[in-house]
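Asker: Sharing data-v6.cif below, mmCIF, C-alpha atoms:
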```cif
data_start
#
loop_
_atom_site.label_atom_id
_atom_site.label_comp_id
_atom_site.auth_asym_id
_atom_site.auth_seq_id
_atom_site.Cartn_x
_atom_site.Cartn_y
_atom_site.Cartn_z
CA MET A 1 -0.57 12.57 13.01
CA ARG A 2 -3.56 10.51 14.08
CA ILE A 3 -6.75 10.57 12.03
CA SER A 4 -9.80 8.52 12.93
CA VAL A 5 -11.75 6.79 10.19
CA PRO A 6 -15.40 7.84 10.52
CA THR A 7 -17.87 5.34 11.89
CA ILE A 8 -21.47 5.30 13.04
CA ILE A 9 -22.45 4.77 16.65
CA THR A 10 -25.60 2.67 16.77
CA SER A 11 -28.20 2.78 19.50
CA SER A 12 -28.78 -0.68 20.91
CA GLY A 13 -32.43 -1.64 21.05
CA ALA A 14 -33.59 1.40 19.08
CA PRO A 15 -36.72 0.64 17.03
CA LYS A 16 -36.20 0.43 13.27
CA ARG A 17 -38.31 3.08 11.53
CA THR A 18 -39.49 1.23 8.44
CA ILE A 19 -42.09 2.34 5.92
CA SER A 20 -43.97 0.63 3.11
CA PRO A 21 -42.97 1.39 -0.50
CA ALA A 22 -46.34 3.00 -1.24
CA ALA A 23 -46.17 5.27 1.80
CA ALA A 24 -42.55 6.16 1.03
CA VAL A 25 -43.42 7.08 -2.58
CA GLU A 26 -46.18 9.38 -1.35
CA ARG A 27 -43.94 11.09 1.23
CA ILE A 28 -40.97 11.56 -1.11
CA ALA A 29 -43.13 12.79 -3.99
CA SER A 30 -44.80 15.30 -1.68
CA PHE A 31 -41.38 16.47 -0.47
CA LEU A 32 -39.87 16.89 -3.95
CA ALA A 33 -42.92 18.10 -5.88
CA PRO A 34 -42.40 21.82 -5.05
CA GLY A 35 -39.01 21.63 -6.80
CA LYS A 36 -35.85 23.61 -5.95
CA ALA A 37 -34.44 20.66 -3.99
CA MET A 38 -30.80 19.74 -3.55
CA LEU A 39 -29.93 16.06 -3.60
CA LEU A 40 -27.03 14.71 -1.53
CA THR A 41 -26.06 11.12 -2.38
CA GLY A 42 -23.72 8.51 -0.97
CA ALA A 43 -22.40 5.02 -1.66
CA GLY A 44 -25.76 3.36 -0.99
CA VAL A 45 -27.09 4.71 -4.30
CA SER A 46 -24.50 2.73 -6.27
CA VAL A 47 -24.94 -0.64 -4.53
CA ALA A 48 -27.44 -1.85 -7.15
CA SER A 49 -24.73 -1.14 -9.77
CA GLY A 50 -22.54 -3.78 -8.18
CA ILE A 51 -20.39 -1.39 -6.14
CA ARG A 52 -20.20 -2.21 -2.46
CA ALA A 53 -21.09 0.34 0.17
CA TYR A 54 -18.53 0.98 2.90
CA ARG A 55 -20.99 0.17 5.66
CA GLY A 56 -23.70 -2.42 6.13
CA LYS A 57 -27.22 -2.10 7.47
CA ASP A 58 -25.92 -1.80 11.04
CA GLY A 59 -23.71 1.19 10.15
CA ARG A 60 -20.45 -0.72 10.65
CA TYR A 61 -17.78 -1.20 8.02
CA MET A 62 -18.57 -4.26 5.90
CA ASN A 63 -14.84 -5.01 5.80
CA PRO A 64 -13.65 -4.97 9.44
CA ASN A 65 -10.01 -4.86 8.30
CA TYR A 66 -10.56 -1.77 6.15
CA GLN A 67 -7.55 0.54 6.35
CA PRO A 68 -7.83 3.53 4.02
CA ILE A 69 -4.76 5.33 2.73
CA LEU A 70 -4.43 8.69 4.48
CA TYR A 71 -3.50 11.81 2.53
CA HIS A 72 -0.30 12.56 4.45
CA GLU A 73 0.82 8.97 3.85
CA LEU A 74 0.20 9.17 0.12
CA THR A 75 2.04 12.47 -0.35
CA ASP A 76 5.00 11.73 1.94
CA GLN A 77 8.16 12.20 -0.17
CA SER A 78 10.21 9.73 1.89
CA GLU A 79 10.66 6.01 1.19
CA LYS A 80 7.82 5.39 3.60
CA GLY A 81 5.54 7.56 1.45
CA PHE A 82 6.68 5.68 -1.65
CA ALA A 83 5.63 2.46 0.06
CA PHE A 84 2.19 3.85 0.83
CA ARG A 85 1.78 4.87 -2.81
CA GLN A 86 2.67 1.29 -3.69
CA ARG A 87 -0.01 0.15 -1.30
CA TYR A 88 -2.56 2.35 -3.07
CA TRP A 89 -1.80 1.20 -6.60
CA TYR A 90 -1.04 -2.41 -5.75
CA GLU A 91 -0.89 -4.28 -2.45
CA ILE A 92 -0.93 -7.75 -0.88
CA LYS A 93 -2.01 -8.36 2.67
CA SER A 94 0.72 -8.23 5.28
CA CYS A 95 1.00 -10.81 8.01
CA SER A 96 2.15 -8.17 10.51
CA GLN A 97 2.03 -4.41 10.95
CA SER A 98 5.82 -4.14 10.90
CA ALA A 99 5.91 -5.81 7.47
CA ARG A 100 3.28 -3.44 6.07
CA LEU A 101 5.84 -1.38 4.19
CA MET A 102 7.38 -4.53 2.69
CA PHE A 103 4.39 -6.55 1.54
CA TYR A 104 1.30 -5.14 -0.13
CA ARG A 105 -1.89 -6.44 -1.69
CA LEU A 106 -2.93 -5.73 -5.23
CA ARG A 107 -5.22 -2.74 -5.02
CA SER A 108 -6.24 0.09 -7.28
CA TYR A 109 -4.95 -1.39 -10.55
CA LEU A 110 -7.18 -4.43 -10.08
CA GLY A 111 -10.08 -2.55 -8.50
CA TYR A 112 -10.54 0.21 -11.06
CA PRO A 113 -12.01 -1.93 -13.89
CA SER A 114 -15.00 -2.87 -11.72
CA VAL A 115 -15.78 0.79 -11.11
CA ARG A 116 -15.01 1.79 -14.71
CA ASN A 117 -17.33 -0.89 -16.12
CA ALA A 118 -20.17 -0.29 -13.65
CA GLN A 119 -23.43 0.91 -15.16
CA PRO A 120 -26.07 3.24 -13.66
CA ASN A 121 -28.89 1.50 -11.85
CA THR A 122 -32.58 2.37 -11.73
CA SER A 123 -32.04 4.94 -8.98
CA HIS A 124 -29.43 6.81 -11.03
CA TYR A 125 -31.83 7.04 -13.98
CA ALA A 126 -34.78 8.08 -11.79
CA ILE A 127 -32.60 10.84 -10.35
CA ALA A 128 -31.60 11.81 -13.90
CA ALA A 129 -35.30 12.14 -14.78
CA LEU A 130 -35.82 14.53 -11.86
CA GLN A 131 -32.70 16.47 -12.87
CA TYR A 132 -33.85 16.66 -16.49
CA THR A 133 -37.26 18.02 -15.39
CA SER A 134 -35.61 20.51 -12.96
CA TYR A 135 -37.10 19.05 -9.78
CA LEU A 136 -33.52 18.40 -8.62
CA PRO A 137 -31.55 21.34 -10.02
CA ARG A 138 -28.56 20.65 -7.76
CA LEU A 139 -26.87 17.35 -6.98
CA VAL A 140 -23.96 16.92 -4.57
CA THR A 141 -22.51 13.40 -4.50
CA GLN A 142 -19.94 11.82 -2.24
CA ASN A 143 -19.48 9.04 -4.79
CA VAL A 144 -16.38 8.92 -6.97
CA ASP A 145 -17.74 6.38 -9.49
CA GLY A 146 -19.18 8.88 -12.01
CA LEU A 147 -22.49 6.99 -12.35
CA HIS A 148 -24.65 10.10 -11.97
CA HIS A 149 -22.84 11.50 -14.99
CA LYS A 150 -23.25 8.28 -16.96
CA ALA A 151 -27.01 8.33 -16.38
CA ILE A 152 -27.54 11.76 -17.91
CA THR A 153 -24.58 12.23 -20.26
CA HIS A 154 -26.77 11.61 -23.33
CA LEU A 155 -28.96 14.58 -22.34
CA TRP A 156 -26.51 17.15 -20.99
CA GLU A 157 -23.27 18.60 -22.30
CA PRO A 158 -20.18 18.22 -20.06
CA ASP A 159 -20.19 21.91 -19.06
CA HIS A 160 -23.83 21.67 -17.99
CA MET A 161 -23.17 18.52 -15.97
CA GLN A 162 -20.31 20.28 -14.20
CA LYS A 163 -22.69 23.07 -13.21
CA LYS A 164 -25.41 20.72 -12.00
CA ILE A 165 -23.40 17.90 -10.38
CA LEU A 166 -20.78 18.51 -7.69
CA GLU A 167 -18.43 15.64 -6.84
CA LEU A 168 -17.77 16.44 -3.20
CA HIS A 169 -14.97 13.90 -2.83
CA GLY A 170 -13.59 14.03 -6.36
CA THR A 171 -13.50 11.29 -8.99
CA LEU A 172 -11.66 8.07 -9.75
CA HIS A 173 -11.73 8.81 -13.46
CA ARG A 174 -8.81 11.27 -13.55
CA VAL A 175 -5.24 11.03 -12.28
CA HIS A 176 -2.53 13.66 -11.95
CA CYS A 177 1.19 13.61 -11.33
CA LYS A 178 2.85 15.71 -8.63
CA ARG A 179 3.52 18.49 -11.16
CA GLY A 180 -0.16 18.74 -12.05
CA HIS A 181 -0.36 16.96 -15.39
CA VAL A 182 -3.83 15.42 -15.62
CA VAL A 183 -4.58 12.20 -17.51
CA PRO A 184 -7.85 10.25 -17.81
CA ARG A 185 -7.74 7.17 -15.62
CA ASP A 186 -8.52 4.89 -18.57
CA ILE A 187 -5.34 6.05 -20.29
CA PHE A 188 -3.33 5.70 -17.08
CA GLN A 189 -4.73 2.18 -16.69
CA ASP A 190 -3.46 1.42 -20.21
CA TRP A 191 -0.02 2.77 -19.24
CA LEU A 192 0.04 0.48 -16.22
CA SER A 193 -0.98 -2.49 -18.37
CA ALA A 194 1.68 -1.72 -20.99
CA SER A 195 4.34 -1.47 -18.27
CA ASN A 196 3.15 -4.66 -16.58
CA PRO A 197 2.11 -7.24 -19.19
CA GLN A 198 2.14 -10.00 -16.56
CA TRP A 199 -0.39 -8.08 -14.46
CA LYS A 200 -2.50 -7.39 -17.55
CA ALA A 201 -2.59 -11.15 -18.17
CA PHE A 202 -3.53 -11.71 -14.52
CA VAL A 203 -6.44 -9.26 -14.82
CA ALA A 204 -7.57 -10.96 -18.03
CA HIS A 205 -7.51 -14.30 -16.22
CA LEU A 206 -9.64 -12.93 -13.37
CA GLU A 207 -12.18 -11.58 -15.84
CA LYS A 208 -12.23 -14.80 -17.88
CA THR A 209 -12.77 -17.00 -14.82
CA GLY A 210 -15.20 -14.60 -13.10
CA GLN A 211 -12.93 -14.23 -10.07
CA LYS A 212 -13.64 -10.59 -9.42
CA PRO A 213 -11.89 -9.30 -6.29
CA ARG A 214 -13.96 -7.66 -3.56
CA THR A 215 -14.08 -3.98 -4.55
CA ASN A 216 -14.86 -0.99 -2.35
CA PRO A 217 -16.48 2.24 -3.67
CA ASP A 218 -13.05 3.87 -4.06
CA GLY A 219 -11.68 1.11 -6.30
CA ASP A 220 -9.82 -0.59 -3.45
CA VAL A 221 -9.81 -4.40 -3.65
CA GLU A 222 -9.36 -7.32 -1.31
CA LEU A 223 -6.83 -9.86 -2.66
CA GLU A 224 -4.36 -12.00 -0.78
CA GLY A 225 -1.18 -13.88 -1.63
CA ILE A 226 0.02 -11.82 -4.62
CA SER A 227 3.62 -10.55 -4.91
CA TYR A 228 3.96 -6.95 -6.05
CA ALA A 229 7.75 -6.88 -6.44
CA ASP A 230 7.82 -6.68 -10.23
CA PHE A 231 5.03 -4.07 -10.60
CA VAL A 232 6.14 -0.93 -12.48
CA VAL A 233 4.60 2.54 -12.23
CA PRO A 234 5.52 4.45 -15.41
CA GLU A 235 7.04 7.92 -15.50
CA CYS A 236 4.78 10.82 -16.43
CA PRO A 237 5.45 11.36 -20.17
CA GLN A 238 4.73 15.09 -20.00
CA CYS A 239 7.24 15.51 -17.18
CA THR A 240 9.78 13.57 -19.25
CA LEU A 241 9.25 15.94 -22.19
CA GLU A 242 9.90 18.84 -19.82
CA GLY A 243 13.13 17.29 -18.56
CA GLN A 244 11.67 16.19 -15.25
CA GLN A 245 11.02 12.79 -13.66
CA SER A 246 7.85 11.84 -11.83
CA SER A 247 6.18 8.51 -11.19
CA PHE A 248 4.09 10.05 -8.41
CA TYR A 249 0.40 9.79 -9.31
CA LYS A 250 -2.71 10.61 -7.34
CA PRO A 251 -6.31 10.07 -8.41
CA GLU A 252 -8.44 13.20 -8.26
CA LEU A 253 -10.32 12.14 -5.19
CA ILE A 254 -10.20 13.31 -1.59
CA PHE A 255 -8.33 10.96 0.75
CA PHE A 256 -8.97 10.61 4.47
CA GLY A 257 -7.09 13.43 6.16
CA GLU A 258 -7.04 15.58 3.02
CA SER A 259 -8.86 18.91 3.02
CA ILE A 260 -11.59 19.46 0.47
CA PRO A 261 -10.61 22.34 -1.85
CA SER A 262 -12.15 25.60 -0.71
CA TRP A 263 -14.05 26.09 -3.97
CA ILE A 264 -15.77 22.71 -3.57
CA LYS A 265 -16.67 23.45 0.04
CA ASP A 266 -17.97 26.90 -0.89
CA ARG A 267 -20.03 25.58 -3.77
CA SER A 268 -21.55 22.80 -1.66
CA PHE A 269 -22.72 25.38 0.88
CA HIS A 270 -23.92 27.61 -1.95
CA ASP A 271 -26.00 24.73 -3.33
CA VAL A 272 -27.67 24.36 0.06
CA ASP A 273 -28.24 28.10 0.30
CA LYS A 274 -29.92 28.26 -3.12
CA SER A 275 -32.18 25.27 -2.46
CA GLU A 276 -35.48 25.28 -0.61
CA ARG A 277 -35.12 21.72 0.71
CA VAL A 278 -32.48 18.99 0.94
CA PHE A 279 -33.03 15.32 0.02
CA VAL A 280 -30.35 12.95 1.36
CA LEU A 281 -30.05 9.54 -0.27
CA GLY A 282 -28.01 6.41 0.45
CA THR A 283 -25.50 7.73 2.96
CA THR A 284 -24.70 7.36 6.65
CA LEU A 285 -23.29 10.90 6.63
CA ALA A 286 -20.23 9.59 8.47
CA THR A 287 -17.92 12.03 6.69
CA TYR A 288 -18.14 15.53 8.10
CA SER A 289 -17.99 17.15 4.66
CA ALA A 290 -21.46 15.73 3.96
CA PHE A 291 -22.85 15.88 7.49
CA ARG A 292 -22.13 19.61 7.81
CA LEU A 293 -24.29 20.28 4.72
CA VAL A 294 -27.26 18.73 6.51
CA LYS A 295 -26.47 20.75 9.63
CA HIS A 296 -26.22 23.90 7.50
CA ALA A 297 -29.62 23.21 5.93
CA LEU A 298 -31.17 22.73 9.36
CA GLU A 299 -29.59 25.95 10.62
CA LEU A 300 -31.29 27.72 7.70
CA ARG A 301 -34.57 26.01 8.69
CA LYS A 302 -34.80 24.12 5.41
CA PRO A 303 -36.73 20.82 5.32
CA VAL A 304 -34.46 17.76 5.21
CA MET A 305 -35.53 14.25 4.21
CA LEU A 306 -33.16 11.32 4.61
CA LEU A 307 -33.62 8.00 2.79
CA ASN A 308 -31.23 5.27 3.93
CA VAL A 309 -31.22 1.66 5.05
CA GLY A 310 -29.48 1.52 8.42
CA PRO A 311 -28.38 4.09 11.02
CA THR A 312 -26.94 7.46 10.06
CA ARG A 313 -25.19 10.32 11.80
CA ALA A 314 -28.28 12.51 11.43
CA ASP A 315 -30.92 10.13 12.77
CA GLU A 316 -31.44 12.03 16.00
CA LEU A 317 -31.19 15.55 14.62
CA PRO A 318 -34.41 17.54 15.07
CA GLY A 319 -35.84 18.53 11.71
CA VAL A 320 -34.65 15.45 9.77
CA GLU A 321 -37.36 13.14 8.43
CA LYS A 322 -35.85 9.65 8.11
CA LEU A 323 -37.29 6.96 5.82
CA GLU A 324 -35.82 3.47 6.17
CA ILE A 325 -36.14 1.96 2.69
CA SER A 326 -34.00 1.25 -0.37
CA SER A 327 -34.12 3.84 -3.14
CA SER A 328 -34.40 1.11 -5.78
CA LEU A 329 -37.82 0.19 -4.41
CA VAL A 330 -39.35 3.63 -4.74
CA LEU A 331 -37.56 6.23 -6.87
CA ARG A 332 -39.03 5.35 -10.25
CA ASP A 333 -42.53 5.43 -8.78
CA VAL A 334 -41.67 8.78 -7.17
CA VAL A 335 -40.89 10.16 -10.63
CA ARG A 336 -44.21 8.85 -11.97
CA ALA A 337 -46.10 10.35 -9.01
CA ILE A 338 -44.49 13.77 -9.49
CA LEU A 339 -44.67 13.95 -13.28
CA GLY A 340 -48.08 12.35 -13.78
CA SER A 341 -48.98 11.78 -17.43
CA ARG A 342 -45.66 13.24 -18.61
CA ALA A 343 -43.92 10.15 -17.24
CA SER A 344 -45.64 8.03 -19.88
CA GLN A 345 -45.84 10.59 -22.71
CA ASP A 346 -42.39 12.20 -22.76
CA SER A 347 -40.11 9.81 -24.65
CA VAL A 348 -37.04 11.00 -22.74
CA ILE A 349 -38.66 10.27 -19.38
CA VAL A 350 -40.03 6.95 -20.60
CA HIS A 351 -36.52 5.91 -21.67
CA LEU A 352 -34.98 6.97 -18.35
CA LEU A 353 -37.59 5.06 -16.35
CA GLN A 354 -36.97 1.94 -18.42
CA SER A 355 -33.21 2.13 -17.98
CA GLY A 356 -30.87 0.94 -15.28
CA ILE A 357 -29.53 -2.32 -13.96
CA HIS A 358 -30.18 -3.97 -10.61
CA GLN A 359 -27.14 -6.10 -9.83
CA PRO A 360 -26.12 -5.62 -6.19
CA PRO A 361 -22.86 -7.34 -5.19
CA ALA A 362 -23.10 -10.78 -3.66
CA GLU A 363 -22.86 -11.02 0.09
CA ASP A 364 -19.59 -12.46 1.37
CA HIS A 365 -21.24 -15.70 2.48
CA GLU A 366 -22.66 -16.14 -1.03
CA ILE A 367 -19.18 -15.73 -2.55
CA ILE A 368 -17.78 -18.32 -0.14
CA SER A 369 -20.55 -20.81 -0.91
CA ARG A 370 -19.95 -20.49 -4.67
CA ASN A 371 -16.24 -21.10 -4.29
CA THR A 372 -16.52 -24.15 -2.02
#
```
With the file now loaded, output its structure as structure tokens.
Answerer:
Amino acid sequence: MRISVPTIITSSGAPKRTISPAAAVERIASFLAPGKAMLLTGAGVSVASGIRAYRGKDGRYMNPNYQPILYHELTDQSEKGFAFRQRYWYEIKSCSQSARLMFYRLRSYLGYPSVRNAQPNTSHYAIAALQYTSYLPRLVTQNVDGLHHKAITHLWEPDHMQKKILELHGTLHRVHCKRGHVVPRDIFQDWLSASNPQWKAFVAHLEKTGQKPRTNPDGDVELEGISYADFVVPECPQCTLEGQQSSFYKPELIFFGESIPSWIKDRSFHDVDKSERVFVLGTTLATYSAFRLVKHALELRKPVMLLNVGPTRADELPGVEKLEISSSLVLRDVVRAILGSRASQDSVIVHLLQSGIHQPPAEDHEIISRNT
């Protein structure tokens, strides 16, 4: 089976369509003010929370050696599949392709804490303000970091969040064994730490010394020169109680090559159908599951606005209005423009607009300069 990792084809010499923050605020506020909009978000929204986007401003992968785990690799029941599951949970970089099943780089175990500890940024809270005031009654996110939920969890009950926020590609915050027993990722992380005290100490050392590994949006990390041989993945305790054995775990996210569950696909299309306009934020739309929602909206003759820094898959589609600017520069002012005096008089809105971090990850050259 051969599956291509999505990428963006850039047009050489194409003019960059930039816009001033003031003009962008006016356009976005005008677009969203009628309400009944669906918001579709991607990894770009979480960059200011310290989580790297997959692609840079030119649309190319920021890590040129990026090799995602494919679904059929992860679920393969052979020894080869077991090796790929090792690669997901912990991996060191191989010196050759033939040695890939023998040597792995530390991966998800080390990468998850960065995602778990990430906090919503100003864009997440501005979006939460528009959700709270019903200007964005439907949100579909490609992100698996749970930051949209964190931004509004103090205002909405879990059942209401589930109705209003659709995680198109799943979440990093839950894990299940092959027999379907679900466990929160925080608990599973504790199991891994208890089974691997030496790795727990290694993680503590990284945190103490500030040597955070390069982390991708899916919790994948870049770390070289670490032996995985003594890493232990614990058995599922519920399976053990039922007289079964299973150390096969999968996070509840959609891997490359894995089909999105039909109910998620159907609901994502339903959210487009029930909306009068679609606002796309911080995504290149490289994955078809997101891109087809934009195409569906255009087929229904719904207005589509796209806010992203860098090229996207929808740039040349007729009917898409593209604004080239970072959401962190404009979204809070968009909320103020839409809500008027309520933005300064409603204590809930005031709190949301005063909340959020702005801590984008350091560029690679900055990391190198600090460590030399």
Asker: With distances taken over all atoms listed in the file, which of A:Phe291, A:Phe269, A:Phe256, A:Trp191 is nearest to Ala314 of chain A?
Answerer: A:Phe291
Asker: For each of A:Gly210, A:Ser193, A:Arg267, A:Gly257, take the minimum atom-to-atom distance to Lys164 of chain A, counting all atoms listed in the file, then give the residue where this is smallest.
Answerer: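 Counting all atoms listed in the file, the residue closest to Lys164 of chain A is A:Arg267.
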Asker: Leaving out segment 341-351 of chain A and any residue of its chain fewer than 2 positions from it, which residues lie within 12 Å of it when counting only C-alpha atoms, given as a ChimeraX atom specification?
Answerer: /A:122,125-133,151-152,154-155,332-339,353-356
Asker: Within 9 Å of (-11.9, 13.2, -0.1), all atoms listed in the file: residues as a list in words?
Answerer: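 Protein and nucleic acid residues near the point are Tyr71, Gln142, Leu168, His169, Gly170, Glu252, Leu253, Ile254, Phe255, Phe256, Gly257, Glu258, Ser259, Ile260 and Ser289 of chain A.
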Asker: Specify as a ChimeraX atom specification each residue included when the PyMOL selection byres ((chain A and resi 49) around 9) is applied to this file.
Answerer: /A:45-48,50-52,118-122,147,356-361
Asker: Write to file, as a tab-separated table (two decimals), keeping the file's coordinate frame, the residues of the selection just made, with C-alpha atoms.
Answerer:
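In the end it all went to again.tsv:
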```
chain	number	residue	atom	x	y	z
A	45	VAL	CA	-27.09	4.71	-4.30
A	46	SER	CA	-24.50	2.73	-6.27
A	47	VAL	CA	-24.94	-0.64	-4.53
A	48	ALA	CA	-27.44	-1.85	-7.15
A	50	GLY	CA	-22.54	-3.78	-8.18
A	51	ILE	CA	-20.39	-1.39	-6.14
A	52	ARG	CA	-20.20	-2.21	-2.46
A	118	ALA	CA	-20.17	-0.29	-13.65
A	119	GLN	CA	-23.43	0.91	-15.16
A	120	PRO	CA	-26.07	3.24	-13.66
A	121	ASN	CA	-28.89	1.50	-11.85
A	122	THR	CA	-32.58	2.37	-11.73
A	147	LEU	CA	-22.49	6.99	-12.35
A	356	GLY	CA	-30.87	0.94	-15.28
A	357	ILE	CA	-29.53	-2.32	-13.96
A	358	HIS	CA	-30.18	-3.97	-10.61
A	359	GLN	CA	-27.14	-6.10	-9.83
A	360	PRO	CA	-26.12	-5.62	-6.19
A	361	PRO	CA	-22.86	-7.34	-5.19
```
Asker: Give as a PyMOL selection string the residues that the PyMOL selection byres ((chain A and resi 167) around 12) matches when applied to the coordinates above.
Answerer: chain A and resi 39-42+138-149+161-166+168-173+252-254+260-261+263-265+267-268+289-290
Asker: Quick one: write out the picked residues with C-alpha atoms as a compact mmCIF listing (two decimals), in the frame of the given file?
Answerer:
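File again-v8.txt, as written:
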```txt
# COMPACT_ATOMS: atom_id res chain seq x y z
CA LEU A 39 -29.93 16.06 -3.60
CA LEU A 40 -27.03 14.71 -1.53
CA THR A 41 -26.06 11.12 -2.38
CA GLY A 42 -23.72 8.51 -0.97
CA ARG A 138 -28.56 20.65 -7.76
CA LEU A 139 -26.87 17.35 -6.98
CA VAL A 140 -23.96 16.92 -4.57
CA THR A 141 -22.51 13.40 -4.50
CA GLN A 142 -19.94 11.82 -2.24
CA ASN A 143 -19.48 9.04 -4.79
CA VAL A 144 -16.38 8.92 -6.97
CA ASP A 145 -17.74 6.38 -9.49
CA GLY A 146 -19.18 8.88 -12.01
CA LEU A 147 -22.49 6.99 -12.35
CA HIS A 148 -24.65 10.10 -11.97
CA HIS A 149 -22.84 11.50 -14.99
CA MET A 161 -23.17 18.52 -15.97
CA GLN A 162 -20.31 20.28 -14.20
CA LYS A 163 -22.69 23.07 -13.21
CA LYS A 164 -25.41 20.72 -12.00
CA ILE A 165 -23.40 17.90 -10.38
CA LEU A 166 -20.78 18.51 -7.69
CA LEU A 168 -17.77 16.44 -3.20
CA HIS A 169 -14.97 13.90 -2.83
CA GLY A 170 -13.59 14.03 -6.36
CA THR A 171 -13.50 11.29 -8.99
CA LEU A 172 -11.66 8.07 -9.75
CA HIS A 173 -11.73 8.81 -13.46
CA GLU A 252 -8.44 13.20 -8.26
CA LEU A 253 -10.32 12.14 -5.19
CA ILE A 254 -10.20 13.31 -1.59
CA ILE A 260 -11.59 19.46 0.47
CA PRO A 261 -10.61 22.34 -1.85
CA TRP A 263 -14.05 26.09 -3.97
CA ILE A 264 -15.77 22.71 -3.57
CA LYS A 265 -16.67 23.45 0.04
CA ARG A 267 -20.03 25.58 -3.77
CA SER A 268 -21.55 22.80 -1.66
CA SER A 289 -17.99 17.15 4.66
CA ALA A 290 -21.46 15.73 3.96
```
Asker: Which residue gives the smallest distance to Leu241 of chain A among A:Arg277, A:His181, A:Ser327, A:Leu206, with only C-alpha atoms counted?
Answerer: A:His181
Asker: From the set A:Phe188, A:Tyr109, A:Phe202, A:Phe31, which residue has the shortest atom-to-atom contact distance to Tyr135 of chain A, counting all atoms listed in the file?
Answerer: A:Phe31
Asker: Around all of segment 37-45 of chain A's listed atoms, make the axis-aligned box with 8 Å on each side and tell me centre and edge lengths in Å to one decimal, as AutoDock Vina command-line options.
Answerer:
```
--center_x -28.4 --center_y 12.0 --center_z -2.6 --size_x 28.0 --size_y 33.3 --size_z 19.3
```
Asker: Between atom CA of Asp315 of chain A and atom CA of Asp273 of chain A, what distance in Å does the model show, to one decimal?
Answerer: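 Between atom CA of Asp315 of chain A and atom CA of Asp273 of chain A the gap is 22.0 Å.
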Asker: Determine the nearest neighbour of Phe231 of chain A from the options A:Ser247, A:Gln211, A:Gly319, A:Pro197, counting all atoms listed in the file.
Answerer: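 Closest to Phe231 of chain A, using all atoms listed in the file: A:Pro197.
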